[in-house]
Amino acid sequence: MPVFFLIIACALWGLSFPLLKVLNLEQAARLPAASSLFLASWLQFARFGFAAVLVLPFVIRQRGLSKLEIRQGLILAFWGGLAMWLQADALAYTEASTSAFLTGAYCVFIPLWTSFRHRAHPGSRVIIATLMVLIGGAVLSGIRPDHLSLGRGEVETLGAALLFAFQILTLENPKYATNRGLPVSFMMFLGVTVLFIPITLSTAPSLQACFMPGASLPAVLLVSCLTVFCSVGAYLLMNTWQPRVSATEAGLIYTSEPAFTAIYVLFLPVILGKWAGLEYANEKVSISMIVGGVLILAANVIMQWKPRAAESAP
C-alpha cells in the first residue's frame with residue numbers, strides 16, 4: 001500500500017514539469033528583465049503559501065500539532081524548500097533532460113549515506129537497482145557524455161539532488177514515526193513560505209515587482225495547479241506514507257517521476273500552450289523513452305521483490 005501511494009505522488013510530481021515550463025514561458029514573455037533567482041523564489045513563496053492556506057482548516061480539525069511534528073515539518077521545509085529553489089533556478093541554465101537525470105542522483109546519495117552511517121555494504125540488490133535507475137534516467141532524458149558539462153545549471157541541480165536526499169532521510173528518522181502526515185505537511189508548507197519571504201524580497205528589483213509574476217490569469221491558474229496537485233497532493237502522500245518504507249527504497253520509487261513526465265509531455269504541452277496563448281509543442285514517443293521507462297520500472301520491481309524468509313531473518 002505505501003508503494004502504491006508513493007507512485008501516485010510521483011504521478012502528481014510529474015505534472016510539475018509541463019506546468020512549470022508553461023509558467024516560465026508566460027512569465028518570461030511578461031517580465032523579460034526579471035532574474036531567474038527572483039522568479040524561482042517568488043514561485044516557492046506563492047506555491048507553498050497557498051498550500052498552507054488550503055491545509056490549515058484540516059489541521060485545525062485535528063486539534064493542533066505536536067512538538068515533533070513542528071520540528072520535522074520545519075526540517076523538511078529547509079531541505080525541500082532549498083532543493084526546489086535550486087532546481088527551479090537551474091532550469092534557466094541547463095536543459096530539462098539534463099536536470100531530470102541529475103536530480104535522480106539522490107538515489108545514489110541515499111544508499112551511500114546510509115552505508116556510511118551504518119558502516120555496512122548497501123547490498124547487491126540496491127546497487128543493481130541504482131545502476132538501472134541511473135542508466136534508465138540517462139536514456140529517458142537523452143543524456144550523452146558529450147552533452148554533459150558542469151555549468152551553473154548542472155551544479156545547482158546536483159546540489160538540489162543532495163538536499164532532496166536529506167529530505168527523504170528526514171522522513172525515515174524513527175523518532176518521528178508517530179507523526180501525522182497532515183500536520184507535518186502544513187508545517188513544511190508554512191516553513192517554506194516563511195523561508196522565502198526574505199529571499200524573494202532580497203532578489204526582487206523592487207517591492208512592487210513582487211506582485212508582477214502572478215499578475216495574470218494564466219499565472220494564477222498555473223500556480224494553483226502546482227499547489228493543489230504537486231504540493232498539497234504529492235507531499236501529503238509522501239509525508240504520510242514514505243515513513244513506512246526505507247529511505248533507499250523510497251528514493252528509487254521517486255525516480256519513476258520522469259517516466260510520468262515523459263507520458264504527460266506527449267499531449268499536455270499543446271493543451272497548456274493554447275490555453276496560455278503560447279507555443280509549446282508536444283514531444284513524441286521514442287525508443288529511448290520506452291527503454292528508459294522500462295529500466296526504471298524494473299529497478300523498482302527488483303526493490304519490491306523481497307523473499308519472505310529474508311524479511312523475517314534477524
# chains A, B, ... in the order shown; residues from 1 in each chain; ligands from 1
$ closest_atom_pairs --of "range 210-268 of chain A" --to "range 164-176 of chain A" --cutoff "8 Å" --atoms "only C-alpha atoms" --output "JSON lines"
{"residue": "A:Asn239", "atom": "CA", "partner": "A:Leu171", "partner_atom": "CA", "distance": 6.9}
{"residue": "A:Gln242", "atom": "CA", "partner": "A:Leu171", "partner_atom": "CA", "distance": 6.7}
{"residue": "A:Pro243", "atom": "CA", "partner": "A:Glu172", "partner_atom": "CA", "distance": 5.2}
{"residue": "A:Val245", "atom": "CA", "partner": "A:Glu172", "partner_atom": "CA", "distance": 7.7}
{"residue": "A:Ser246", "atom": "CA", "partner": "A:Glu172", "partner_atom": "CA", "distance": 6.4}
{"residue": "A:Ala247", "atom": "CA", "partner": "A:Leu169", "partner_atom": "CA", "distance": 5.6}
{"residue": "A:Ala250", "atom": "CA", "partner": "A:Ile168", "partner_atom": "CA", "distance": 7.6}
{"residue": "A:Gly251", "atom": "CA", "partner": "A:Ile168", "partner_atom": "CA", "distance": 7.2}
$ residues_around --residues "Ile110 in chain A" --least-positions-apart "2" --cutoff "7 Å" --atoms "only C-alpha atoms" --output "PyMOL selection string"
chain A and resi 106-108+112-114+165+247-248
$ residues_around --residues "range 116-128 of chain A" --least-positions-apart "5" --cutoff "9 Å" --atoms "only C-alpha atoms" --output "ChimeraX atom specification"
/A:108,111,133,248-249,299,302-303
$ write_last_selection --atoms "C-alpha atoms" --output "mmCIF file, in the first residue's frame"
data_model
loop_
_atom_site.group_PDB
_atom_site.id
_atom_site.type_symbol
_atom_site.label_atom_id
_atom_site.label_comp_id
_atom_site.auth_asym_id
_atom_site.auth_seq_id
_atom_site.Cartn_x
_atom_site.Cartn_y
_atom_site.Cartn_z
ATOM 1 C CA VAL A 108 22.821 7.266 -5.196
ATOM 2 C CA PRO A 111 22.365 4.433 -0.032
ATOM 3 C CA VAL A 133 17.763 3.774 -12.444
ATOM 4 C CA THR A 248 16.751 3.895 -0.077
ATOM 5 C CA GLU A 249 13.607 2.205 -1.376
ATOM 6 C CA ALA A 299 14.549 -1.337 -10.849
ATOM 7 C CA ILE A 302 13.577 -5.535 -8.023
ATOM 8 C CA MET A 303 13.414 -3.412 -4.856
#
$ atom_distance --atom1 "CA of Pro269 in chain A" --atom2 "CA of Ser16 in chain A"
11.8 Å
$ select_by_dssp --residues "range 111-197 of chain A" --states "helix (DSSP H, G or I)" --output "number ranges by chain"
A: 111-118, 124-141, 145-147, 152-172, 174-176, 181-197
$ write_last_selection --atoms "C-alpha atoms" --output "PDB file, in the first residue's frame"
ATOM      1  CA  PRO A 111      22.365   4.433  -0.032  1.00  0.00           C
ATOM      2  CA  LEU A 112      25.856   5.949   0.136  1.00  0.00           C
ATOM      3  CA  TRP A 113      24.898   8.000   3.193  1.00  0.00           C
ATOM      4  CA  THR A 114      23.075   5.059   4.786  1.00  0.00           C
ATOM      5  CA  SER A 115      26.055   2.742   4.222  1.00  0.00           C
ATOM      6  CA  PHE A 116      28.455   5.348   5.636  1.00  0.00           C
ATOM      7  CA  ARG A 117      26.262   5.958   8.679  1.00  0.00           C
ATOM      8  CA  HIS A 118      25.838   2.259   9.468  1.00  0.00           C
ATOM      9  CA  SER A 124      23.865  -6.122  -4.386  1.00  0.00           C
ATOM     10  CA  ARG A 125      20.146  -5.573  -4.987  1.00  0.00           C
ATOM     11  CA  VAL A 126      20.390  -1.865  -4.078  1.00  0.00           C
ATOM     12  CA  ILE A 127      23.492  -1.440  -6.248  1.00  0.00           C
ATOM     13  CA  ILE A 128      21.883  -3.167  -9.251  1.00  0.00           C
ATOM     14  CA  ALA A 129      18.620  -1.209  -8.885  1.00  0.00           C
ATOM     15  CA  THR A 130      20.503   2.084  -8.512  1.00  0.00           C
ATOM     16  CA  LEU A 131      22.561   1.429 -11.645  1.00  0.00           C
ATOM     17  CA  MET A 132      19.407   0.528 -13.559  1.00  0.00           C
ATOM     18  CA  VAL A 133      17.763   3.774 -12.444  1.00  0.00           C
ATOM     19  CA  LEU A 134      20.791   5.857 -13.451  1.00  0.00           C
ATOM     20  CA  ILE A 135      21.016   4.191 -16.868  1.00  0.00           C
ATOM     21  CA  GLY A 136      17.253   4.423 -17.340  1.00  0.00           C
ATOM     22  CA  GLY A 137      17.249   8.100 -16.369  1.00  0.00           C
ATOM     23  CA  ALA A 138      20.094   8.822 -18.772  1.00  0.00           C
ATOM     24  CA  VAL A 139      18.348   7.015 -21.647  1.00  0.00           C
ATOM     25  CA  LEU A 140      14.964   8.575 -20.848  1.00  0.00           C
ATOM     26  CA  SER A 141      16.463  12.063 -20.730  1.00  0.00           C
ATOM     27  CA  PRO A 145      28.590  12.059 -22.461  1.00  0.00           C
ATOM     28  CA  ASP A 146      29.476  14.819 -24.932  1.00  0.00           C
ATOM     29  CA  HIS A 147      26.425  16.873 -23.864  1.00  0.00           C
ATOM     30  CA  ARG A 152      25.772  26.641 -13.166  1.00  0.00           C
ATOM     31  CA  GLY A 153      22.622  24.674 -14.006  1.00  0.00           C
ATOM     32  CA  GLU A 154      24.280  21.278 -13.551  1.00  0.00           C
ATOM     33  CA  VAL A 155      25.968  22.240 -10.277  1.00  0.00           C
ATOM     34  CA  GLU A 156      22.720  23.669  -8.868  1.00  0.00           C
ATOM     35  CA  THR A 157      20.794  20.533  -9.890  1.00  0.00           C
ATOM     36  CA  LEU A 158      23.330  18.268  -8.159  1.00  0.00           C
ATOM     37  CA  GLY A 159      23.041  20.466  -5.080  1.00  0.00           C
ATOM     38  CA  ALA A 160      19.261  20.105  -5.222  1.00  0.00           C
ATOM     39  CA  ALA A 161      19.592  16.308  -5.505  1.00  0.00           C
ATOM     40  CA  LEU A 162      21.744  16.251  -2.354  1.00  0.00           C
ATOM     41  CA  LEU A 163      19.186  18.356  -0.461  1.00  0.00           C
ATOM     42  CA  PHE A 164      16.339  16.123  -1.678  1.00  0.00           C
ATOM     43  CA  ALA A 165      18.270  13.136  -0.300  1.00  0.00           C
ATOM     44  CA  PHE A 166      18.326  14.655   3.195  1.00  0.00           C
ATOM     45  CA  GLN A 167      14.630  15.485   2.890  1.00  0.00           C
ATOM     46  CA  ILE A 168      13.903  11.821   2.164  1.00  0.00           C
ATOM     47  CA  LEU A 169      16.173  10.697   5.010  1.00  0.00           C
ATOM     48  CA  THR A 170      14.360  13.015   7.446  1.00  0.00           C
ATOM     49  CA  LEU A 171      11.119  11.105   6.849  1.00  0.00           C
ATOM     50  CA  GLU A 172      12.897   7.832   7.696  1.00  0.00           C
ATOM     51  CA  PRO A 174      12.372   6.637  13.690  1.00  0.00           C
ATOM     52  CA  LYS A 175      11.844   9.348  16.312  1.00  0.00           C
ATOM     53  CA  TYR A 176       9.192  10.858  14.026  1.00  0.00           C
ATOM     54  CA  GLY A 181       1.266  13.402   7.721  1.00  0.00           C
ATOM     55  CA  LEU A 182      -1.184  16.324   7.568  1.00  0.00           C
ATOM     56  CA  PRO A 183       0.267  18.465  10.406  1.00  0.00           C
ATOM     57  CA  VAL A 184       3.816  17.737   9.231  1.00  0.00           C
ATOM     58  CA  SER A 185       2.896  18.813   5.694  1.00  0.00           C
ATOM     59  CA  PHE A 186       1.280  22.018   6.985  1.00  0.00           C
ATOM     60  CA  MET A 187       4.427  22.941   8.913  1.00  0.00           C
ATOM     61  CA  MET A 188       6.519  22.158   5.849  1.00  0.00           C
ATOM     62  CA  PHE A 189       4.358  24.419   3.653  1.00  0.00           C
ATOM     63  CA  LEU A 190       4.401  27.191   6.241  1.00  0.00           C
ATOM     64  CA  GLY A 191       8.147  26.825   6.763  1.00  0.00           C
ATOM     65  CA  VAL A 192       8.920  27.101   3.036  1.00  0.00           C
ATOM     66  CA  THR A 193       6.701  30.197   2.811  1.00  0.00           C
ATOM     67  CA  VAL A 194       8.451  31.955   5.703  1.00  0.00           C
ATOM     68  CA  LEU A 195      11.878  30.885   4.420  1.00  0.00           C
ATOM     69  CA  PHE A 196      11.294  32.506   1.035  1.00  0.00           C
ATOM     70  CA  ILE A 197       9.825  35.808   2.192  1.00  0.00           C
TER      71      ILE A 197
END
$ closest_residue --among "A:Arg47, A:Lys284, A:Arg244, A:Arg61" --to "Thr227 in chain A" --atoms "only C-alpha atoms"
A:Arg47
$ closest_residue --among "A:Leu65, A:Leu278, A:Ile271, A:Leu266" --to "Thr178 in chain A" --atoms "only C-alpha atoms"
A:Leu65
$ residues_around --residues "Pro213 in chain A" --least-positions-apart "4" --cutoff "9 Å" --atoms "only C-alpha atoms" --output "PyMOL selection string"
chain A and resi 27+30-31+39+42-43+209+219
$ residues_around --residues "Thr200 in chain A" --least-positions-apart "2" --cutoff "9 Å" --atoms "only C-alpha atoms" --output "list in words"
Leu37, Phe38, Leu39, Ala40, Ser41, Trp42, Gln44, Phe45, Phe196, Ile197, Pro198, Ser202, Thr203, Ala204 and Cys210 of chain A
$ decode --residues "range 157-215 of chain A" --atoms "C-alpha atoms" --output "mmCIF file, in the first residue's frame"
data_model
loop_
_atom_site.group_PDB
_atom_site.id
_atom_site.type_symbol
_atom_site.label_atom_id
_atom_site.label_comp_id
_atom_site.auth_asym_id
_atom_site.auth_seq_id
_atom_site.Cartn_x
_atom_site.Cartn_y
_atom_site.Cartn_z
ATOM 1 C CA THR A 157 20.794 20.533 -9.890
ATOM 2 C CA LEU A 158 23.330 18.268 -8.159
ATOM 3 C CA GLY A 159 23.041 20.466 -5.080
ATOM 4 C CA ALA A 160 19.261 20.105 -5.222
ATOM 5 C CA ALA A 161 19.592 16.308 -5.505
ATOM 6 C CA LEU A 162 21.744 16.251 -2.354
ATOM 7 C CA LEU A 163 19.186 18.356 -0.461
ATOM 8 C CA PHE A 164 16.339 16.123 -1.678
ATOM 9 C CA ALA A 165 18.270 13.136 -0.300
ATOM 10 C CA PHE A 166 18.326 14.655 3.195
ATOM 11 C CA GLN A 167 14.630 15.485 2.890
ATOM 12 C CA ILE A 168 13.903 11.821 2.164
ATOM 13 C CA LEU A 169 16.173 10.697 5.010
ATOM 14 C CA THR A 170 14.360 13.015 7.446
ATOM 15 C CA LEU A 171 11.119 11.105 6.849
ATOM 16 C CA GLU A 172 12.897 7.832 7.696
ATOM 17 C CA ASN A 173 14.010 9.013 11.149
ATOM 18 C CA PRO A 174 12.372 6.637 13.690
ATOM 19 C CA LYS A 175 11.844 9.348 16.312
ATOM 20 C CA TYR A 176 9.192 10.858 14.026
ATOM 21 C CA ALA A 177 7.388 7.536 13.489
ATOM 22 C CA THR A 178 4.234 8.640 15.342
ATOM 23 C CA ASN A 179 3.918 11.958 13.493
ATOM 24 C CA ARG A 180 0.812 12.577 11.388
ATOM 25 C CA GLY A 181 1.266 13.402 7.721
ATOM 26 C CA LEU A 182 -1.184 16.324 7.568
ATOM 27 C CA PRO A 183 0.267 18.465 10.406
ATOM 28 C CA VAL A 184 3.816 17.737 9.231
ATOM 29 C CA SER A 185 2.896 18.813 5.694
ATOM 30 C CA PHE A 186 1.280 22.018 6.985
ATOM 31 C CA MET A 187 4.427 22.941 8.913
ATOM 32 C CA MET A 188 6.519 22.158 5.849
ATOM 33 C CA PHE A 189 4.358 24.419 3.653
ATOM 34 C CA LEU A 190 4.401 27.191 6.241
ATOM 35 C CA GLY A 191 8.147 26.825 6.763
ATOM 36 C CA VAL A 192 8.920 27.101 3.036
ATOM 37 C CA THR A 193 6.701 30.197 2.811
ATOM 38 C CA VAL A 194 8.451 31.955 5.703
ATOM 39 C CA LEU A 195 11.878 30.885 4.420
ATOM 40 C CA PHE A 196 11.294 32.506 1.035
ATOM 41 C CA ILE A 197 9.825 35.808 2.192
ATOM 42 C CA PRO A 198 13.267 37.401 2.787
ATOM 43 C CA ILE A 199 14.804 35.579 -0.197
ATOM 44 C CA THR A 200 12.075 36.863 -2.531
ATOM 45 C CA LEU A 201 12.377 40.416 -1.189
ATOM 46 C CA SER A 202 16.172 40.405 -1.472
ATOM 47 C CA THR A 203 16.157 39.148 -5.083
ATOM 48 C CA ALA A 204 13.294 41.415 -6.238
ATOM 49 C CA PRO A 205 14.264 44.601 -8.119
ATOM 50 C CA SER A 206 11.587 46.455 -6.125
ATOM 51 C CA LEU A 207 8.736 45.797 -3.719
ATOM 52 C CA GLN A 208 6.221 46.399 -6.491
ATOM 53 C CA ALA A 209 7.918 43.726 -8.617
ATOM 54 C CA CYS A 210 6.873 41.061 -6.071
ATOM 55 C CA PHE A 211 3.290 41.343 -7.329
ATOM 56 C CA MET A 212 4.118 41.142 -11.042
ATOM 57 C CA PRO A 213 4.847 37.388 -11.553
ATOM 58 C CA GLY A 214 1.292 36.482 -10.574
ATOM 59 C CA ALA A 215 -0.431 39.420 -12.245
#
